[in-house]
file upload_7.pdb (PDB, C-alpha atoms and all ligand atoms)
ATOM      1  CA  MET A   1      39.549 172.846 114.320
ATOM      2  CA  LEU A   2      37.482 171.100 116.940
ATOM      3  CA  ASN A   3      36.353 173.446 119.691
ATOM      4  CA  LYS A   4      38.085 172.142 122.769
ATOM      5  CA  ILE A   5      36.337 174.390 125.271
ATOM      6  CA  ILE A   6      33.690 172.681 127.394
ATOM      7  CA  ASN A   7      31.077 175.386 127.781
ATOM      8  CA  GLY A   8      29.722 174.820 131.285
ATOM      9  CA  LYS A   9      27.885 178.119 131.292
ATOM     10  CA  LYS A  10      25.884 177.221 128.193
ATOM     11  CA  ILE A  11      24.949 173.751 129.491
ATOM     12  CA  ALA A  12      24.089 175.208 132.914
ATOM     13  CA  ASN A  13      21.795 177.816 131.314
ATOM     14  CA  TYR A  14      20.088 175.130 129.263
ATOM     15  CA  LEU A  15      19.528 172.901 132.308
ATOM     16  CA  GLN A  16      18.330 175.805 134.448
ATOM     17  CA  LYS A  17      15.790 176.768 131.785
ATOM     18  CA  LYS A  18      14.497 173.198 131.881
ATOM     19  CA  ILE A  19      14.166 173.355 135.673
ATOM     20  CA  LYS A  20      12.387 176.716 135.434
ATOM     21  CA  LYS A  21       9.822 175.250 133.020
ATOM     22  CA  LYS A  22       9.184 172.356 135.413
ATOM     23  CA  ILE A  23       8.621 174.740 138.318
ATOM     24  CA  ILE A  24       6.236 176.948 136.319
ATOM     25  CA  LYS A  25       4.221 173.826 135.497
ATOM     26  CA  LYS A  26       4.203 172.660 139.117
ATOM     27  CA  VAL A  27       3.052 176.028 140.428
ATOM     28  CA  LYS A  28       0.329 176.169 137.752
ATOM     29  CA  ASN A  29      -0.866 172.790 139.018
ATOM     30  CA  GLY A  30      -1.102 174.103 142.577
ATOM     31  CA  LYS A  31       2.117 172.515 143.843
ATOM     32  CA  ARG A  32       4.549 174.333 146.086
ATOM     33  CA  ARG A  33       7.954 175.592 144.957
ATOM     34  CA  PRO A  34      11.088 173.706 146.052
ATOM     35  CA  GLY A  35      13.056 175.552 148.738
ATOM     36  CA  ILE A  36      16.740 175.856 149.590
ATOM     37  CA  ALA A  37      18.161 177.145 152.889
ATOM     38  CA  ILE A  38      21.766 178.322 152.984
ATOM     39  CA  ILE A  39      23.749 179.014 156.135
ATOM     40  CA  LEU A  40      26.958 181.004 155.955
ATOM     41  CA  ILE A  41      29.142 181.501 158.992
ATOM     42  CA  GLY A  42      31.535 184.429 158.901
ATOM     43  CA  ASN A  43      32.513 186.973 156.291
ATOM     44  CA  ASP A  44      34.683 185.131 153.811
ATOM     45  CA  SER A  45      34.405 187.121 150.583
ATOM     46  CA  SER A  46      34.667 184.093 148.252
ATOM     47  CA  SER A  47      31.967 182.245 150.212
ATOM     48  CA  LYS A  48      29.727 185.305 149.909
ATOM     49  CA  ILE A  49      30.197 185.312 146.143
ATOM     50  CA  TYR A  50      29.352 181.593 145.926
ATOM     51  CA  VAL A  51      26.235 182.067 148.030
ATOM     52  CA  LYS A  52      25.172 184.998 145.849
ATOM     53  CA  LYS A  53      25.504 182.828 142.747
ATOM     54  CA  LYS A  54      23.335 180.165 144.373
ATOM     55  CA  LYS A  55      20.741 182.780 145.307
ATOM     56  CA  ILE A  56      20.625 184.160 141.744
ATOM     57  CA  ALA A  57      20.177 180.638 140.334
ATOM     58  CA  CYS A  58      17.386 179.836 142.829
ATOM     59  CA  LYS A  59      15.514 183.010 141.922
ATOM     60  CA  LYS A  60      16.037 182.347 138.211
ATOM     61  CA  VAL A  61      14.380 178.918 138.322
ATOM     62  CA  GLY A  62      11.687 179.911 140.812
ATOM     63  CA  PHE A  63      12.904 178.149 143.964
ATOM     64  CA  ILE A  64      12.342 179.573 147.430
ATOM     65  CA  PHE A  65      15.659 180.805 148.829
ATOM     66  CA  LYS A  66      16.293 181.362 152.560
ATOM     67  CA  TYR A  67      19.607 182.630 153.819
ATOM     68  CA  TRP A  68      21.281 183.051 157.192
ATOM     69  CA  ASN A  69      24.640 184.764 157.655
ATOM     70  CA  PHE A  70      26.017 184.291 161.183
ATOM     71  CA  LYS A  71      28.937 186.087 162.766
ATOM     72  CA  ASN A  72      32.163 184.099 162.847
ATOM     73  CA  SER A  73      31.828 183.855 166.638
ATOM     74  CA  VAL A  74      28.439 182.081 166.564
ATOM     75  CA  LYS A  75      28.182 179.023 168.819
ATOM     76  CA  GLU A  76      27.827 175.634 167.186
ATOM     77  CA  ILE A  77      24.654 174.958 169.165
ATOM     78  CA  GLU A  78      22.946 177.917 167.444
ATOM     79  CA  ILE A  79      23.671 176.424 164.036
ATOM     80  CA  LEU A  80      22.531 172.974 165.168
ATOM     81  CA  LYS A  81      19.272 174.448 166.495
ATOM     82  CA  LEU A  82      18.603 176.203 163.195
ATOM     83  CA  ILE A  83      19.350 173.045 161.208
ATOM     84  CA  LYS A  84      16.952 171.103 163.452
ATOM     85  CA  LYS A  85      14.215 173.619 162.638
ATOM     86  CA  LEU A  86      14.996 173.561 158.937
ATOM     87  CA  ASN A  87      14.898 169.748 158.923
ATOM     88  CA  LYS A  88      11.249 170.062 159.985
ATOM     89  CA  ASN A  89      10.356 173.004 157.756
ATOM     90  CA  ILE A  90       8.034 171.705 155.032
ATOM     91  CA  GLU A  91       8.936 174.547 152.661
ATOM     92  CA  ILE A  92      12.610 173.584 152.656
ATOM     93  CA  ASP A  93      13.880 170.644 150.582
ATOM     94  CA  GLY A  94      17.591 171.373 150.737
ATOM     95  CA  ILE A  95      19.950 172.656 153.423
ATOM     96  CA  LEU A  96      23.478 173.802 152.658
ATOM     97  CA  VAL A  97      26.034 175.012 155.166
ATOM     98  CA  GLN A  98      28.660 176.877 153.208
ATOM     99  CA  LEU A  99      32.268 175.687 153.649
ATOM    100  CA  PRO A 100      34.832 176.343 154.970
ATOM    101  CA  LEU A 101      33.603 176.471 158.554
ATOM    102  CA  PRO A 102      35.364 178.416 161.322
ATOM    103  CA  ASN A 103      37.674 176.235 163.419
ATOM    104  CA  HIS A 104      35.390 176.155 166.474
ATOM    105  CA  ILE A 105      32.503 174.642 164.502
ATOM    106  CA  ASN A 106      32.707 170.869 164.195
ATOM    107  CA  TYR A 107      32.296 169.747 160.581
ATOM    108  CA  LYS A 108      31.055 166.269 161.470
ATOM    109  CA  ASN A 109      28.440 167.559 163.937
ATOM    110  CA  ILE A 110      27.067 169.953 161.332
ATOM    111  CA  MET A 111      26.959 167.478 158.456
ATOM    112  CA  CYS A 112      25.423 164.742 160.613
ATOM    113  CA  SER A 113      22.720 167.135 161.814
ATOM    114  CA  ILE A 114      21.438 167.887 158.302
ATOM    115  CA  SER A 115      18.725 165.357 157.467
ATOM    116  CA  TYR A 116      19.939 163.021 154.737
ATOM    117  CA  LYS A 117      16.646 163.864 153.034
ATOM    118  CA  LYS A 118      17.683 167.530 152.731
ATOM    119  CA  ASP A 119      21.418 167.052 152.240
ATOM    120  CA  ILE A 120      21.727 168.615 148.770
ATOM    121  CA  ASP A 121      25.517 168.848 149.153
ATOM    122  CA  CYS A 122      25.932 165.081 149.754
ATOM    123  CA  LEU A 123      28.075 165.758 152.816
ATOM    124  CA  ASN A 124      26.008 163.921 155.422
ATOM    125  CA  PRO A 125      27.975 160.696 156.059
ATOM    126  CA  TYR A 126      24.900 158.625 155.137
ATOM    127  CA  ASN A 127      24.696 160.085 151.637
ATOM    128  CA  ALA A 128      28.482 160.285 151.288
ATOM    129  CA  GLY A 129      28.612 156.571 152.241
ATOM    130  CA  LEU A 130      26.010 155.705 149.621
ATOM    131  CA  LEU A 131      28.012 157.646 147.039
ATOM    132  CA  PHE A 132      31.019 155.562 148.044
ATOM    133  CA  GLN A 133      28.911 152.447 147.395
ATOM    134  CA  LYS A 134      27.650 153.761 144.033
ATOM    135  CA  ASN A 135      24.141 153.790 145.401
ATOM    136  CA  SER A 136      23.122 157.346 146.206
ATOM    137  CA  ILE A 137      20.311 159.392 144.720
ATOM    138  CA  ILE A 138      22.079 162.610 145.732
ATOM    139  CA  THR A 139      25.618 163.169 144.550
ATOM    140  CA  SER A 140      28.099 165.871 145.348
ATOM    141  CA  CYS A 141      27.430 169.028 143.294
ATOM    142  CA  THR A 142      30.810 169.674 141.653
ATOM    143  CA  ALA A 143      31.265 165.994 140.844
ATOM    144  CA  LYS A 144      27.740 165.806 139.466
ATOM    145  CA  GLY A 145      28.399 168.913 137.360
ATOM    146  CA  ILE A 146      31.553 167.384 135.863
ATOM    147  CA  MET A 147      29.794 164.079 135.137
ATOM    148  CA  THR A 148      26.950 165.967 133.430
ATOM    149  CA  LEU A 149      29.485 167.760 131.206
ATOM    150  CA  ILE A 150      31.117 164.432 130.302
ATOM    151  CA  LYS A 151      27.690 163.063 129.287
ATOM    152  CA  LYS A 152      26.598 166.188 127.409
ATOM    153  CA  TYR A 153      29.846 166.270 125.413
ATOM    154  CA  LYS A 154      29.581 162.483 124.860
ATOM    155  CA  ILE A 155      33.147 161.931 126.064
ATOM    156  CA  ASN A 156      33.997 158.251 126.426
ATOM    157  CA  ILE A 157      35.955 157.944 129.666
ATOM    158  CA  ILE A 158      35.882 154.160 130.116
ATOM    159  CA  GLY A 159      39.367 152.858 130.823
ATOM    160  CA  LEU A 160      40.985 156.288 131.089
ATOM    161  CA  ASN A 161      43.689 157.045 133.626
ATOM    162  CA  ALA A 162      42.116 159.805 135.700
ATOM    163  CA  LEU A 163      44.172 161.912 138.056
ATOM    164  CA  ILE A 164      42.374 163.968 140.665
ATOM    165  CA  ILE A 165      44.531 166.636 142.269
ATOM    166  CA  GLY A 166      42.966 167.523 145.593
ATOM    167  CA  SER A 167      41.371 165.142 148.088
ATOM    168  CA  SER A 168      38.662 167.257 149.740
ATOM    169  CA  ASN A 169      35.300 165.879 150.864
ATOM    170  CA  ILE A 170      33.561 168.373 148.629
ATOM    171  CA  VAL A 171      35.425 167.805 145.325
ATOM    172  CA  GLY A 172      38.360 165.382 145.241
ATOM    173  CA  LYS A 173      36.828 162.365 146.979
ATOM    174  CA  PRO A 174      33.366 162.458 145.351
ATOM    175  CA  ILE A 175      34.662 163.025 141.803
ATOM    176  CA  SER A 176      37.097 160.146 142.336
ATOM    177  CA  MET A 177      34.191 157.850 143.233
ATOM    178  CA  GLU A 178      32.135 159.022 140.245
ATOM    179  CA  LEU A 179      35.019 158.497 137.809
ATOM    180  CA  LEU A 180      35.807 155.100 139.312
ATOM    181  CA  ALA A 181      32.154 154.090 138.955
ATOM    182  CA  SER A 182      32.291 155.221 135.313
ATOM    183  CA  GLY A 183      35.199 152.955 134.443
ATOM    184  CA  CYS A 184      38.251 155.159 134.996
ATOM    185  CA  THR A 185      41.383 154.042 136.781
ATOM    186  CA  ILE A 186      41.783 156.693 139.432
ATOM    187  CA  THR A 187      44.726 158.270 141.197
ATOM    188  CA  ILE A 188      44.139 160.844 143.910
ATOM    189  CA  ALA A 189      46.996 163.251 144.523
ATOM    190  CA  ASN A 190      47.259 165.468 147.582
ATOM    191  CA  LYS A 191      49.580 168.137 148.931
ATOM    192  CA  HIS A 192      52.128 165.498 149.993
ATOM    193  CA  THR A 193      52.324 163.800 146.590
ATOM    194  CA  LYS A 194      55.906 163.608 145.395
ATOM    195  CA  ASN A 195      56.827 164.324 141.758
ATOM    196  CA  LEU A 196      53.278 165.298 140.836
ATOM    197  CA  ILE A 197      54.354 165.945 137.242
ATOM    198  CA  ASN A 198      55.018 162.215 136.766
ATOM    199  CA  TYR A 199      51.323 161.625 137.441
ATOM    200  CA  THR A 200      49.943 164.567 135.434
ATOM    201  CA  LYS A 201      51.992 163.599 132.360
ATOM    202  CA  ASN A 202      50.309 160.193 132.327
ATOM    203  CA  ALA A 203      46.763 161.348 133.026
ATOM    204  CA  ASP A 204      44.196 160.980 130.236
ATOM    205  CA  LEU A 205      41.728 162.872 132.384
ATOM    206  CA  LEU A 206      42.733 165.489 134.908
ATOM    207  CA  VAL A 207      40.600 167.108 137.605
ATOM    208  CA  VAL A 208      42.417 169.963 139.293
ATOM    209  CA  ALA A 209      41.088 171.401 142.544
ATOM    210  CA  ILE A 210      43.995 172.889 144.454
ATOM    211  CA  GLY A 211      43.435 176.645 144.451
ATOM    212  CA  LYS A 212      46.786 177.526 142.835
ATOM    213  CA  PRO A 213      46.391 179.952 139.919
ATOM    214  CA  ASN A 214      47.759 178.716 136.555
ATOM    215  CA  PHE A 215      49.553 175.852 138.316
ATOM    216  CA  ILE A 216      49.218 173.298 135.499
ATOM    217  CA  LYS A 217      51.093 174.175 132.302
ATOM    218  CA  LYS A 218      51.738 172.562 128.906
ATOM    219  CA  SER A 219      54.764 170.519 129.972
ATOM    220  CA  TRP A 220      52.690 168.950 132.775
ATOM    221  CA  VAL A 221      49.882 167.499 130.680
ATOM    222  CA  LYS A 222      49.519 164.463 128.426
ATOM    223  CA  LYS A 223      48.753 164.940 124.717
ATOM    224  CA  ASN A 224      44.995 164.789 123.991
ATOM    225  CA  SER A 225      44.064 164.757 127.658
ATOM    226  CA  ILE A 226      40.744 166.002 129.046
ATOM    227  CA  ILE A 227      40.959 168.644 131.757
ATOM    228  CA  PHE A 228      38.403 169.784 134.331
ATOM    229  CA  ASP A 229      39.601 172.896 136.136
ATOM    230  CA  VAL A 230      37.806 173.339 139.462
ATOM    231  CA  GLY A 231      40.067 176.168 140.671
ATOM    232  CA  ILE A 232      38.535 179.585 141.312
ATOM    233  CA  ASN A 233      41.351 182.012 142.121
ATOM    234  CA  LYS A 234      40.760 185.713 142.512
ATOM    235  CA  MET A 235      43.760 187.740 141.335
ATOM    236  CA  PRO A 236      44.792 191.153 142.746
ATOM    237  CA  ASP A 237      43.241 192.860 139.677
ATOM    238  CA  GLY A 238      39.896 191.148 140.441
ATOM    239  CA  LYS A 239      40.180 188.678 137.548
ATOM    240  CA  ILE A 240      39.111 185.087 138.257
ATOM    241  CA  ILE A 241      41.422 182.395 136.925
ATOM    242  CA  GLY A 242      41.686 178.634 137.278
ATOM    243  CA  ASP A 243      44.343 176.188 138.451
ATOM    244  CA  VAL A 244      45.244 175.363 134.844
ATOM    245  CA  ASN A 245      46.945 177.743 132.419
ATOM    246  CA  LEU A 246      44.455 177.302 129.582
ATOM    247  CA  LYS A 247      46.473 179.223 126.991
ATOM    248  CA  SER A 248      49.561 177.158 127.686
ATOM    249  CA  VAL A 249      47.880 173.715 127.504
ATOM    250  CA  TYR A 250      45.236 174.435 124.849
ATOM    251  CA  LYS A 251      47.053 173.125 121.751
ATOM    252  CA  LYS A 252      48.108 169.921 123.474
ATOM    253  CA  ILE A 253      44.863 168.766 125.076
ATOM    254  CA  SER A 254      41.540 167.585 123.631
ATOM    255  CA  TYR A 255      39.041 169.171 126.046
ATOM    256  CA  ILE A 256      39.181 171.738 128.827
ATOM    257  CA  THR A 257      36.755 173.603 131.074
ATOM    258  CA  PRO A 258      37.512 177.343 131.226
ATOM    259  CA  VAL A 259      37.466 179.447 134.389
ATOM    260  CA  PRO A 260      35.079 181.186 134.689
ATOM    261  CA  GLY A 261      32.284 179.517 132.720
ATOM    262  CA  GLY A 262      33.249 175.868 133.109
ATOM    263  CA  VAL A 263      32.673 173.763 136.221
ATOM    264  CA  GLY A 264      31.404 176.633 138.453
ATOM    265  CA  PRO A 265      27.988 177.153 136.815
ATOM    266  CA  MET A 266      27.511 173.379 136.708
ATOM    267  CA  THR A 267      28.082 173.090 140.466
ATOM    268  CA  VAL A 268      25.276 175.576 141.076
ATOM    269  CA  THR A 269      22.994 173.817 138.588
ATOM    270  CA  SER A 270      23.645 170.469 140.269
ATOM    271  CA  LEU A 271      22.547 171.991 143.562
ATOM    272  CA  LEU A 272      19.220 172.909 141.957
ATOM    273  CA  GLU A 273      18.900 169.425 140.441
ATOM    274  CA  ASN A 274      19.628 167.785 143.794
ATOM    275  CA  THR A 275      16.966 169.935 145.426
ATOM    276  CA  LEU A 276      14.456 168.889 142.811
ATOM    277  CA  ILE A 277      15.344 165.252 143.571
ATOM    278  CA  THR A 278      14.784 165.598 147.343
ATOM    279  CA  TYR A 279      11.609 167.629 146.687
ATOM    280  CA  LYS A 280      10.197 164.847 144.522
ATOM    281  CA  LYS A 281      11.386 161.894 146.572
ATOM    282  CA  TYR A 282      10.863 162.855 150.168
ATOM    283  CA  TYR A 283       8.285 165.599 150.549
ATOM    284  CA  LYS A 284       4.626 166.150 149.980
ATOM    285  CA  ASN A 285       4.203 168.833 147.405
TER     286      ASN A 285
HETATM  287  N1  LIG A 301      32.213 175.971 149.484
HETATM  288  C1  LIG A 301      32.614 176.029 148.193
HETATM  289  N2  LIG A 301      31.805 175.282 147.411
HETATM  290  C2  LIG A 301      30.876 174.744 148.221
HETATM  291  C3  LIG A 301      29.753 173.867 148.001
HETATM  292  O1  LIG A 301      29.461 173.427 146.886
HETATM  293  N3  LIG A 301      29.043 173.529 149.115
HETATM  294  C4  LIG A 301      29.369 173.988 150.354
HETATM  295  N4  LIG A 301      28.614 173.589 151.376
HETATM  296  N5  LIG A 301      30.392 174.786 150.585
HETATM  297  C5  LIG A 301      31.132 175.161 149.528
END

call {"tool": "encode", "arguments": {"input": "upload_7.pdb", "output": "structure tokens"}}
result
Amino acid sequence: MLNKIINGKKIANYLQKKIKKKIIKKVKNGKRRPGIAIILIGNDSSSKIYVKKKKIACKKVGFIFKYWNFKNSVKEIEILKLIKKLNKNIEIDGILVQLPLPNHINYKNIMCSISYKKDIDCLNPYNAGLLFQKNSIITSCTAKGIMTLIKKYKINIIGLNALIIGSSNIVGKPISMELLASGCTITIANKHTKNLINYTKNADLLVVAIGKPNFIKKSWVKKNSIIFDVGINKMPDGKIIGDVNLKSVYKKISYITPVPGGVGPMTVTSLLENTLITYKKYYKN
């Protein structure tokens, strides 16, 4: 039987090894290492885990990694000042402010303050606008990770009905634009969508990013559909599970990303790839 599991971890490891080789070569030739700066505000345990994963990946490929963790009460101006400094720092090619932000920090102010040349998350409105126009060199990390998996597994998605559940700036909207640009007919569902099952049952390709453990089951999905599970839900026993019940849907579908080991490692890898792009395009090395 065809293996239906899309192994994001394996592809991510392969791509990270390739990046590592490139960096070794650059350093040998006297070039500087690419650098990422991450800013985390507050103590959210999931955000800390994500940041740790990004740090491990940076170290693995030989990038410089700088990290600031501010108290939840930090003033916005402090963050803006730091970003201003990092925009000028010649060792830093990518700046990421981990989401979600505390309520008193203005999302737009933060994203606009990150130079579009260092916006490895594609959240600065300039880059996000270019993505909207199918014209950006940086694309959003989770969306980029999913598109890489589609290419690596040689899945033909032209003409498919794609349903994206979740309309966030960081996942739902960018993956919708990528799938649209790749020839899918897209539907974006959100928390107000009525009779969601009517949409899921007709979706050839499903991207689920809602943060509800095991929400999508066999009766919800179309036969032979392709599923990308972006959910990362920590259960009381510490186990991480996705938004899709893999066991329940497995026999019916044609491809699925597991959680963990599917989209997550690809998001981190895309962050490294984006940093390499800004490093090459905008900065003297
Ligand atoms: N929070 C969860 N995932 C991400 C991400 O990829 N980027 C940022 N900035 N915040 C996140």

call {"tool": "axis_aligned_box", "arguments": {"input": "upload_7.pdb", "around": "ligand LIG 301 (chain A)", "padding_each_side": "6 Å", "output": "JSON"}}
result
{"center_x": 30.6, "center_y": 174.7, "center_z": 149.1, "size_x": 16.0, "size_y": 14.6, "size_z": 16.5}

call {"tool": "resolve_selection", "arguments": {"input": "upload_7.pdb", "expression": "the PyMOL selection byres (((chain A and resi 120) around 7) and not hetatm)", "output": "ChimeraX atom specification"}}
result
/A:94-96,118-119,121-122,138,271,274-275

call {"tool": "residues_near_ligand", "arguments": {"input": "upload_7.pdb", "ligand": "ligand LIG 301 (chain A)", "cutoff": "7 Å", "atoms": "only C-alpha atoms and all ligand atoms", "output": "list in words"}}
result
Ser47, Tyr50, Leu96, Val97, Gln98, Leu99, Pro100, Asp121, Cys141, Thr142, Ile170 and Thr267 of chain A

call {"tool": "residues_around", "arguments": {"input": "upload_7.pdb", "residues": "range 187-197 of chain A", "least_positions_apart": "6", "cutoff": "6 Å", "atoms": "only C-alpha atoms", "output": "mmCIF file with C-alpha atoms, in the coordinates of the input"}}
result
data_model
loop_
_atom_site.group_PDB
_atom_site.id
_atom_site.type_symbol
_atom_site.label_atom_id
_atom_site.label_comp_id
_atom_site.auth_asym_id
_atom_site.auth_seq_id
_atom_site.Cartn_x
_atom_site.Cartn_y
_atom_site.Cartn_z
ATOM 1 C CA LEU A 163 44.172 161.912 138.056
ATOM 2 C CA ILE A 164 42.374 163.968 140.665
ATOM 3 C CA ILE A 165 44.531 166.636 142.269
ATOM 4 C CA GLY A 166 42.966 167.523 145.593
ATOM 5 C CA SER A 167 41.371 165.142 148.088
ATOM 6 C CA TRP A 220 52.690 168.950 132.775
#

call {"tool": "atom_distance", "arguments": {"input": "upload_7.pdb", "atom1": "CA of Thr257 in chain A", "atom2": "CA of Ser140 in chain A"}}
result
18.4 Å

call {"tool": "residues_around", "arguments": {"input": "upload_7.pdb", "residues": "range 227-241 of chain A", "least_positions_apart": "6", "cutoff": "7 Å", "atoms": "all atoms listed in the file", "output": "list in words"}}
result
Leu205, Leu206, Val207, Val208, Ala209, Ile210, Gly211, Pro213, Tyr255, Ile256, Thr257, Pro258, Val259, Pro260 and Val263 of chain A

call {"tool": "residues_around", "arguments": {"input": "upload_7.pdb", "residues": "Lys71 in chain A", "least_positions_apart": "5", "cutoff": "9 Å", "atoms": "all atoms listed in the file", "output": "ChimeraX atom specification"}}
result
/A:40-43

call {"tool": "atom_distance", "arguments": {"input": "upload_7.pdb", "atom1": "CA of Leu272 in chain A", "atom2": "CA of Asn156 in chain A"}}
result
26.0 Å

call {"tool": "atom_distance", "arguments": {"input": "upload_7.pdb", "atom1": "CA of Ser115 in chain A", "atom2": "CA of Lys17 in chain A"}}
result
28.3 Å

call {"tool": "resolve_selection", "arguments": {"input": "upload_7.pdb", "expression": "the PyMOL selection byres (((chain A and resi 184) around 12) and not hetatm)", "output": "number ranges by chain"}}
result
A: 156-164, 175-183, 185-187, 203-206

call {"tool": "resolve_selection", "arguments": {"input": "upload_7.pdb", "expression": "the PyMOL selection byres (((chain A and resi 30-33) around 8) and not hetatm)", "output": "PDB file with C-alpha atoms, in the coordinates of the input"}}
result
ATOM      1  CA  ILE A  23       8.621 174.740 138.318  1.00  0.00           C
ATOM      2  CA  LYS A  26       4.203 172.660 139.117  1.00  0.00           C
ATOM      3  CA  VAL A  27       3.052 176.028 140.428  1.00  0.00           C
ATOM      4  CA  LYS A  28       0.329 176.169 137.752  1.00  0.00           C
ATOM      5  CA  ASN A  29      -0.866 172.790 139.018  1.00  0.00           C
ATOM      6  CA  PRO A  34      11.088 173.706 146.052  1.00  0.00           C
ATOM      7  CA  GLY A  35      13.056 175.552 148.738  1.00  0.00           C
ATOM      8  CA  GLY A  62      11.687 179.911 140.812  1.00  0.00           C
ATOM      9  CA  PHE A  63      12.904 178.149 143.964  1.00  0.00           C
ATOM     10  CA  ILE A  64      12.342 179.573 147.430  1.00  0.00           C
ATOM     11  CA  GLU A  91       8.936 174.547 152.661  1.00  0.00           C
ATOM     12  CA  ASN A 285       4.203 168.833 147.405  1.00  0.00           C
TER      13      ASN A 285
END

call {"tool": "closest_residue", "arguments": {"input": "upload_7.pdb", "among": "A:Lys53, A:Lys281, A:Lys81, A:Lys173", "to": "Phe132 in chain A", "atoms": "all atoms listed in the file"}}
result
A:Lys173

call {"tool": "closest_residue", "arguments": {"input": "upload_7.pdb", "among": "A:Asp93, A:Asn7, A:Cys58, A:Asn72", "to": "Asp44 in chain A", "atoms": "all atoms listed in the file"}}
result
A:Asn72
